[in-house]
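Q: File follows, coords31.pdb with PDB, C-alpha atoms and all ligand atoms:
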ATOM      1  CA  MET D   1     -26.192  35.327 -18.438
ATOM      2  CA  ALA D   2     -29.593  34.094 -19.597
ATOM      3  CA  ASP D   3     -29.164  35.337 -23.172
ATOM      4  CA  VAL D   4     -25.630  34.071 -23.660
ATOM      5  CA  PHE D   5     -26.867  31.087 -25.649
ATOM      6  CA  THR D   6     -28.825  31.185 -28.855
ATOM      7  CA  PRO D   7     -31.488  28.443 -29.088
ATOM      8  CA  GLU D   8     -29.209  26.630 -31.532
ATOM      9  CA  GLN D   9     -26.277  26.819 -29.113
ATOM     10  CA  ARG D  10     -28.477  25.692 -26.240
ATOM     11  CA  ARG D  11     -29.484  22.652 -28.284
ATOM     12  CA  LYS D  12     -25.817  21.878 -29.078
ATOM     13  CA  ASN D  13     -24.867  22.202 -25.400
ATOM     14  CA  MET D  14     -27.563  19.770 -24.373
ATOM     15  CA  GLN D  15     -26.473  17.366 -27.087
ATOM     16  CA  ALA D  16     -22.824  17.545 -25.952
ATOM     17  CA  ILE D  17     -23.904  16.815 -22.359
ATOM     18  CA  ARG D  18     -26.149  13.910 -23.343
ATOM     19  CA  SER D  19     -23.468  12.466 -25.601
ATOM     20  CA  ILE D  20     -20.749  12.418 -22.918
ATOM     21  CA  SER D  21     -23.149  11.085 -20.246
ATOM     22  CA  HIS D  22     -24.107   8.246 -22.545
ATOM     23  CA  LEU D  23     -20.462   7.449 -23.240
ATOM     24  CA  GLU D  24     -19.590   7.521 -19.520
ATOM     25  CA  ARG D  25     -22.369   5.054 -18.792
ATOM     26  CA  ARG D  26     -21.154   2.704 -21.534
ATOM     27  CA  ILE D  27     -17.542   2.803 -20.305
ATOM     28  CA  ALA D  28     -18.673   2.223 -16.718
ATOM     29  CA  GLN D  29     -20.833  -0.703 -17.795
ATOM     30  CA  GLU D  30     -17.954  -2.286 -19.752
ATOM     31  CA  LEU D  31     -15.562  -1.931 -16.827
ATOM     32  CA  TRP D  32     -18.179  -3.370 -14.497
ATOM     33  CA  ASN D  33     -18.659  -6.340 -16.856
ATOM     34  CA  ARG D  34     -14.936  -7.001 -16.614
ATOM     35  CA  GLY D  35     -15.170  -7.292 -12.847
ATOM     36  CA  ILE D  36     -13.790  -3.875 -11.981
ATOM     37  CA  ARG D  37     -15.582  -2.263  -9.047
ATOM     38  CA  PHE D  38     -15.632   1.483  -8.604
ATOM     39  CA  ARG D  39     -17.760   4.493  -7.742
ATOM     40  CA  ARG D  40     -19.197   6.845 -10.327
ATOM     41  CA  ASN D  41     -19.530  10.652 -10.292
ATOM     42  CA  VAL D  42     -18.136  10.889  -6.803
ATOM     43  CA  LYS D  43     -19.448  14.240  -5.602
ATOM     44  CA  ASN D  44     -17.413  14.459  -2.417
ATOM     45  CA  MET D  45     -14.085  14.041  -4.254
ATOM     46  CA  PHE D  46     -12.230  16.965  -5.791
ATOM     47  CA  GLY D  47     -13.232  17.479  -9.428
ATOM     48  CA  LYS D  48     -16.041  14.903  -9.103
ATOM     49  CA  PRO D  49     -14.237  12.014 -10.868
ATOM     50  CA  ASP D  50     -16.299  10.021 -13.356
ATOM     51  CA  ILE D  51     -14.792   6.834 -11.943
ATOM     52  CA  ALA D  52     -12.945   6.400  -8.652
ATOM     53  CA  ILE D  53     -11.386   3.440  -6.851
ATOM     54  CA  LYS D  54     -10.176   4.656  -3.480
ATOM     55  CA  LYS D  55      -8.492   1.354  -2.629
ATOM     56  CA  TYR D  56      -6.008   1.788  -5.498
ATOM     57  CA  LYS D  57      -6.015   5.586  -5.429
ATOM     58  CA  VAL D  58      -7.408   5.671  -8.953
ATOM     59  CA  VAL D  59      -9.445   8.453 -10.541
ATOM     60  CA  ILE D  60     -10.605   8.526 -14.152
ATOM     61  CA  PHE D  61     -12.066  11.441 -16.042
ATOM     62  CA  ILE D  62     -13.807  11.069 -19.384
ATOM     63  CA  ASP D  63     -13.466  14.452 -21.031
ATOM     64  CA  SER D  64     -16.010  15.831 -23.469
ATOM     65  CA  CYS D  65     -14.294  17.069 -26.656
ATOM     66  CA  PHE D  66     -16.450  20.200 -26.510
ATOM     67  CA  TRP D  67     -16.441  21.185 -22.818
ATOM     68  CA  HIS D  68     -12.788  20.319 -22.244
ATOM     69  CA  ALA D  69     -11.721  21.990 -25.490
ATOM     70  CA  CYS D  70     -10.183  19.013 -27.274
ATOM     71  CA  PRO D  71      -7.509  20.390 -29.627
ATOM     72  CA  LYS D  72      -8.799  18.158 -32.433
ATOM     73  CA  HIS D  73     -12.562  18.529 -32.197
ATOM     74  CA  CYS D  74     -13.640  21.489 -30.127
ATOM     75  CA  VAL D  75     -15.352  24.016 -32.386
ATOM     76  CA  ILE D  76     -15.547  27.412 -30.738
ATOM     77  CA  PRO D  77     -19.084  28.757 -31.201
ATOM     78  CA  LYS D  78     -19.288  31.714 -33.572
ATOM     79  CA  THR D  79     -21.621  33.719 -31.354
ATOM     80  CA  ASN D  80     -20.342  35.007 -27.994
ATOM     81  CA  THR D  81     -16.862  33.829 -28.891
ATOM     82  CA  ASP D  82     -15.203  35.677 -26.006
ATOM     83  CA  PHE D  83     -17.546  34.064 -23.519
ATOM     84  CA  TRP D  84     -16.685  30.632 -24.883
ATOM     85  CA  LEU D  85     -12.936  31.263 -24.963
ATOM     86  CA  GLN D  86     -13.071  32.272 -21.307
ATOM     87  CA  LYS D  87     -15.286  29.329 -20.452
ATOM     88  CA  PHE D  88     -12.911  26.830 -22.124
ATOM     89  CA  LYS D  89      -9.913  28.464 -20.467
ATOM     90  CA  ARG D  90     -11.577  28.162 -17.045
ATOM     91  CA  ASN D  91     -12.408  24.508 -17.710
ATOM     92  CA  GLN D  92      -8.817  23.780 -18.734
ATOM     93  CA  ASP D  93      -7.450  25.601 -15.701
ATOM     94  CA  ARG D  94      -9.746  23.555 -13.497
ATOM     95  CA  ASP D  95      -8.608  20.312 -15.171
ATOM     96  CA  ALA D  96      -4.987  21.289 -14.554
ATOM     97  CA  LYS D  97      -5.801  22.003 -10.889
ATOM     98  CA  VAL D  98      -7.539  18.649 -10.522
ATOM     99  CA  ASN D  99      -4.554  16.858 -12.127
ATOM    100  CA  GLU D 100      -2.159  18.624  -9.789
ATOM    101  CA  PHE D 101      -4.293  17.882  -6.723
ATOM    102  CA  TYR D 102      -4.308  14.123  -7.305
ATOM    103  CA  ARG D 103      -0.686  13.930  -8.394
ATOM    104  CA  SER D 104       0.410  15.788  -5.275
ATOM    105  CA  LYS D 105      -1.401  13.170  -3.194
ATOM    106  CA  ASP D 106       0.114  10.220  -5.113
ATOM    107  CA  TRP D 107      -3.129   9.268  -6.773
ATOM    108  CA  ASN D 108      -3.209   7.712 -10.230
ATOM    109  CA  LEU D 109      -5.139   9.892 -12.624
ATOM    110  CA  LEU D 110      -6.231   9.021 -16.136
ATOM    111  CA  ARG D 111      -7.986  11.276 -18.613
ATOM    112  CA  ILE D 112      -9.757   9.803 -21.605
ATOM    113  CA  TRP D 113     -10.922  11.925 -24.510
ATOM    114  CA  GLU D 114     -14.466  11.423 -25.713
ATOM    115  CA  HIS D 115     -13.131  10.893 -29.260
ATOM    116  CA  GLU D 116     -10.799   8.059 -28.145
ATOM    117  CA  ALA D 117     -13.650   6.152 -26.536
ATOM    118  CA  LYS D 118     -16.025   6.840 -29.411
ATOM    119  CA  ALA D 119     -13.513   5.637 -31.998
ATOM    120  CA  ASP D 120     -12.752   2.418 -30.126
ATOM    121  CA  LEU D 121     -14.829   1.731 -27.034
ATOM    122  CA  SER D 122     -13.585  -1.759 -26.255
ATOM    123  CA  GLY D 123      -9.960  -0.811 -26.976
ATOM    124  CA  THR D 124     -10.285   2.162 -24.632
ATOM    125  CA  VAL D 125     -11.845   0.009 -21.938
ATOM    126  CA  ASP D 126      -9.033  -2.564 -22.418
ATOM    127  CA  ARG D 127      -6.523   0.200 -21.884
ATOM    128  CA  ILE D 128      -8.282   1.464 -18.738
ATOM    129  CA  ALA D 129      -8.568  -2.082 -17.349
ATOM    130  CA  GLU D 130      -4.901  -2.740 -18.085
ATOM    131  CA  TRP D 131      -3.897   0.483 -16.386
ATOM    132  CA  ILE D 132      -5.972  -0.326 -13.278
ATOM    133  CA  GLY D 133      -4.552  -3.869 -13.257
ATOM    134  CA  TYR D 134      -1.049  -2.528 -13.418
ATOM    135  CA  ILE D 135      -1.648  -0.198 -10.471
ATOM    136  CA  ARG D 136      -3.329  -2.970  -8.475
ATOM    137  CA  ASN D 137      -0.448  -5.374  -9.066
ATOM    138  CA  PHE D 138       2.070  -2.736  -8.243
ATOM    139  CA  ARG D 139       0.334  -1.896  -4.982
ATOM    140  CA  ILE D 140       0.137  -5.556  -4.017
ATOM    141  CA  LYS D 141       3.831  -5.983  -4.815
ATOM    142  CA  ASP D 142       4.602  -2.726  -3.048
ATOM    143  CA  GLU D 143       2.854  -3.810   0.157
ATOM    144  CA  ALA D 144       4.407  -7.286   0.039
ATOM    145  CA  THR D 145       7.849  -5.831  -0.445
ATOM    146  CA  ARG D 146       7.420  -3.367   2.369
ATOM    147  CA  ASP D 147       6.873  -6.271   4.744
ATOM    148  CA  ASP D 148       9.939  -8.214   3.774
ATOM    149  CA  ALA D 149      13.342  -8.214   5.383
ATOM    150  CA  ARG D 150      14.785  -5.803   2.881
ATOM    151  CA  TYR D 151      12.472  -3.097   4.088
ATOM    152  CA  GLU D 152      13.425  -3.796   7.695
ATOM    153  CA  SER D 153      17.105  -3.623   6.909
ATOM    154  CA  ALA D 154      17.020  -0.691   4.500
ATOM    155  CA  ALA D 155      18.747   2.297   5.991
ATOM    156  CA  SER D 156      16.467   4.729   4.224
ATOM    157  CA  MET D 157      13.364   4.969   2.126
ATOM    158  CA  GLU D 158      15.588   5.711  -0.847
ATOM    159  CA  GLU D 159      17.561   2.501  -0.338
ATOM    160  CA  TRP D 160      14.357   0.515  -0.097
ATOM    161  CA  GLU D 161      12.965   2.111  -3.240
ATOM    162  CA  ASN D 162      16.132   1.150  -5.105
ATOM    163  CA  SER D 163      15.739  -2.451  -3.985
ATOM    164  CA  VAL D 164      12.201  -3.051  -5.221
ATOM    165  CA  SER D 165      11.742  -4.753  -8.548
ATOM    166  CA  ILE D 166       9.640  -2.015 -10.148
ATOM    167  CA  PRO D 167      11.084   1.379  -9.313
ATOM    168  CA  LEU D 168       8.455   3.950  -8.461
ATOM    169  CA  GLY D 169       9.718   6.320 -11.159
ATOM    170  CA  GLN D 170       9.018   3.712 -13.794
ATOM    171  CA  THR D 171       5.443   3.305 -12.625
ATOM    172  CA  LEU D 172       4.868   7.008 -12.794
ATOM    173  CA  LYS D 173       6.434   7.123 -16.239
ATOM    174  CA  ILE D 174       4.148   4.391 -17.524
ATOM    175  CA  ILE D 175       1.130   6.122 -16.023
ATOM    176  CA  ASP D 176       2.219   9.444 -17.509
ATOM    177  CA  SER D 177       2.531   7.870 -20.927
ATOM    178  CA  LEU D 178      -1.053   6.669 -20.669
ATOM    179  CA  THR D 179      -2.399  10.005 -19.535
ATOM    180  CA  THR D 180      -3.575  12.429 -22.184
ATOM    181  CA  PRO D 181      -1.692  15.690 -21.831
ATOM    182  CA  ILE D 182      -3.751  18.811 -21.456
ATOM    183  CA  SER D 183      -3.293  21.199 -24.330
ATOM    184  CA  ASN D 184      -3.878  24.900 -24.095
ATOM    185  CA  GLU D 185      -3.460  25.441 -27.806
ATOM    186  CA  THR D 186      -7.155  25.625 -28.582
ATOM    187  CA  VAL D 187      -7.806  28.631 -26.416
ATOM    188  CA  ALA D 188      -4.418  30.277 -26.858
ATOM    189  CA  LYS D 189      -5.103  31.147 -30.493
TER     190      LYS D 189
HETATM  191 ZN    ZN F 201     -11.714  15.133 -29.425
END
Do you think you could lay out the structure here as structure tokens?

A:
Amino acid sequence: MADVFTPEQRRKNMQAIRSISHLERRIAQELWNRGIRFRRNVKNMFGKPDIAIKKYKVVIFIDSCFWHACPKHCVIPKTNTDFWLQKFKRNQDRDAKVNEFYRSKDWNLLRIWEHEAKADLSGTVDRIAEWIGYIRNFRIKDEATRDDARYESAASMEEWENSVSIPLGQTLKIIDSLTTPISNETVAK
């Protein structure tokens, strides 16, 4: 595979990697400045999340427009096009697998596009912080509610879920609305 990349392509690849690493560091720094504590590039977690908070079951991925085949900005290289189409497809399949893995384990997953953060860094960080705050508050409320008499007297989990002030479905809906959907359109054409 050594000659897959032209020197020009190799340079572009390196630039795309440097650009997203720089952006990840800036987002992490901003979150840290706002008092949010997390781990970065967690190698022993599936998909190696860019940001993870185990306590709140939160994982955040900051997706490069190039490597994750952003439908708006990913330009498929003109040389070795088939290689790149396959590469992008594999990356998207892996993203979908990662999403499914965390969802199946009731984790809260957020994907941010590079272009969103580049266009408005502080707005993006506000949105991430708000999302984490929402999950944190919900978990606190959730735990408090579990301990109260209603939980003791509820005949079933379903009954208890119906009695809490924020239904679980609503939380998931809000989180879904904040999560960028994965599009396969770029590689399908
Ligand atoms: Zn993009």

Q: For the PyMOL selection byres (((not hetatm)) within 6 of (chain F and resi 201)), applied here, can you spell out every residue it catches as a list in words?

A: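 Evaluating the PyMOL selection byres (((not hetatm)) within 6 of (chain F and resi 201)) on these coordinates yields Cys65, Cys70, Lys72, His73, Trp113, Glu114 and His115 of chain D.
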
Q: Find the residues near Gly35 (chain D): any atom within 12 Å, counting all atoms listed in the file, skip ones fewer than 6 places away on the same chain, and give them as a list of chain:residue names.

A: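 Counting all atoms listed in the file, the residues come to D:Ala28, D:Gln29, D:Ala129, D:Ile132, D:Gly133.
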
Q: Kindly give the distance, in Å, that separates CA of Phe61 (chain D) and CA of Phe5 (chain D), rounded to a single decimal.

A: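 Interatomic distance, CA of Phe61 (chain D) to CA of Phe5 (chain D): 26.4 Å.
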
Q: Check the smallest atom-to-atom distance from each of D:Arg40, D:Ala69, D:Ile27, D:Asn137 to Asp93 (chain D) using only C-alpha atoms, then report the winner.

A: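 Once distances to Asp93 (chain D) are computed over only C-alpha atoms, the minimum belongs to D:Ala69.
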
Q: So what do you get for CA of Met14 (chain D) versus CA of Ser122 (chain D), distance-wise?

A: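 Taking CA of Met14 (chain D) and CA of Ser122 (chain D), their separation equals 25.7 Å.
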
Q: Would you compute the distance between CA of Lys55 (chain D) and CA of Leu109 (chain D)? Give it in Å to one decimal.

A: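 CA of Leu109 (chain D) lies 13.6 Å from CA of Lys55 (chain D).
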
Q: Which neighbours of Gly123 (chain D) fall inside 12 Å, counting all atoms listed in the file, when residues of the same chain fewer than 6 positions from it are skipped, and could you give them as a list in words?

A: Ile27, Glu30, Leu31, Ile112, Glu116, Ala117, Ala129 and Glu130 of chain D

Q: Out of D:Arg11, D:Arg39, D:His68, D:Lys118, which residue has the shortest atom-to-atom distance to Lys87 (chain D) when counting all atoms listed in the file?

A: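 Of all the options, D:His68 lies closest to Lys87 (chain D).
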
Q: Looking at D:Ala119, D:Arg26, D:Thr81, D:Asn41, which one is nearest to Val59 (chain D), with distances taken over all atoms listed in the file?

A: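 For Val59 (chain D), the nearest of the given residues is D:Asn41.
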
Q: Applied to the shown file, which residues does the PyMOL selection byres (((chain D and resi 103-105) around 12) and not hetatm) return, written as an NGL selection string?

A: :D and (46 or 57-59 or 96-102 or 106-110 or 172 or 175-176 or 179)

Q: Measuring atom to atom with all atoms listed in the file, identify which of D:Lys12, D:Leu23, D:Val125, D:Thr6 is nearest to Ser64 (chain D).

A: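 Residue with the minimum atom-to-atom distance to Ser64 (chain D): D:Leu23.
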
Q: Check what the PyMOL selection byres (((chain D and resi 38) around 7) and not hetatm) selects in the file above and give those residues as a list in words.

A: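 Taken on the displayed file, the PyMOL selection byres (((chain D and resi 38) around 7) and not hetatm) yields the residues Ile36, Arg37, Arg39, Arg40, Ile51, Ala52 and Ile53 of chain D.
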
Q: Let me make sure I understand: among D:Trp32, D:Trp67, D:Asp50, D:Ile128, which one has the smallest atom-to-atom distance to Gln15 (chain D) if we use all atoms listed in the file?

A: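 Under the stated criterion, the closest residue is D:Trp67.
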
Q: May I have the centre and edge lengths, in Å to one decimal, of an axis-aligned box around the listed atoms of region 86-97 of chain D with 5 Å added to every side, as lines of an AutoDock Vina configuration file?

A:
center_x = -10.1
center_y = 26.3
center_z = -16.5
size_x = 20.3
size_y = 22.0
size_z = 21.2
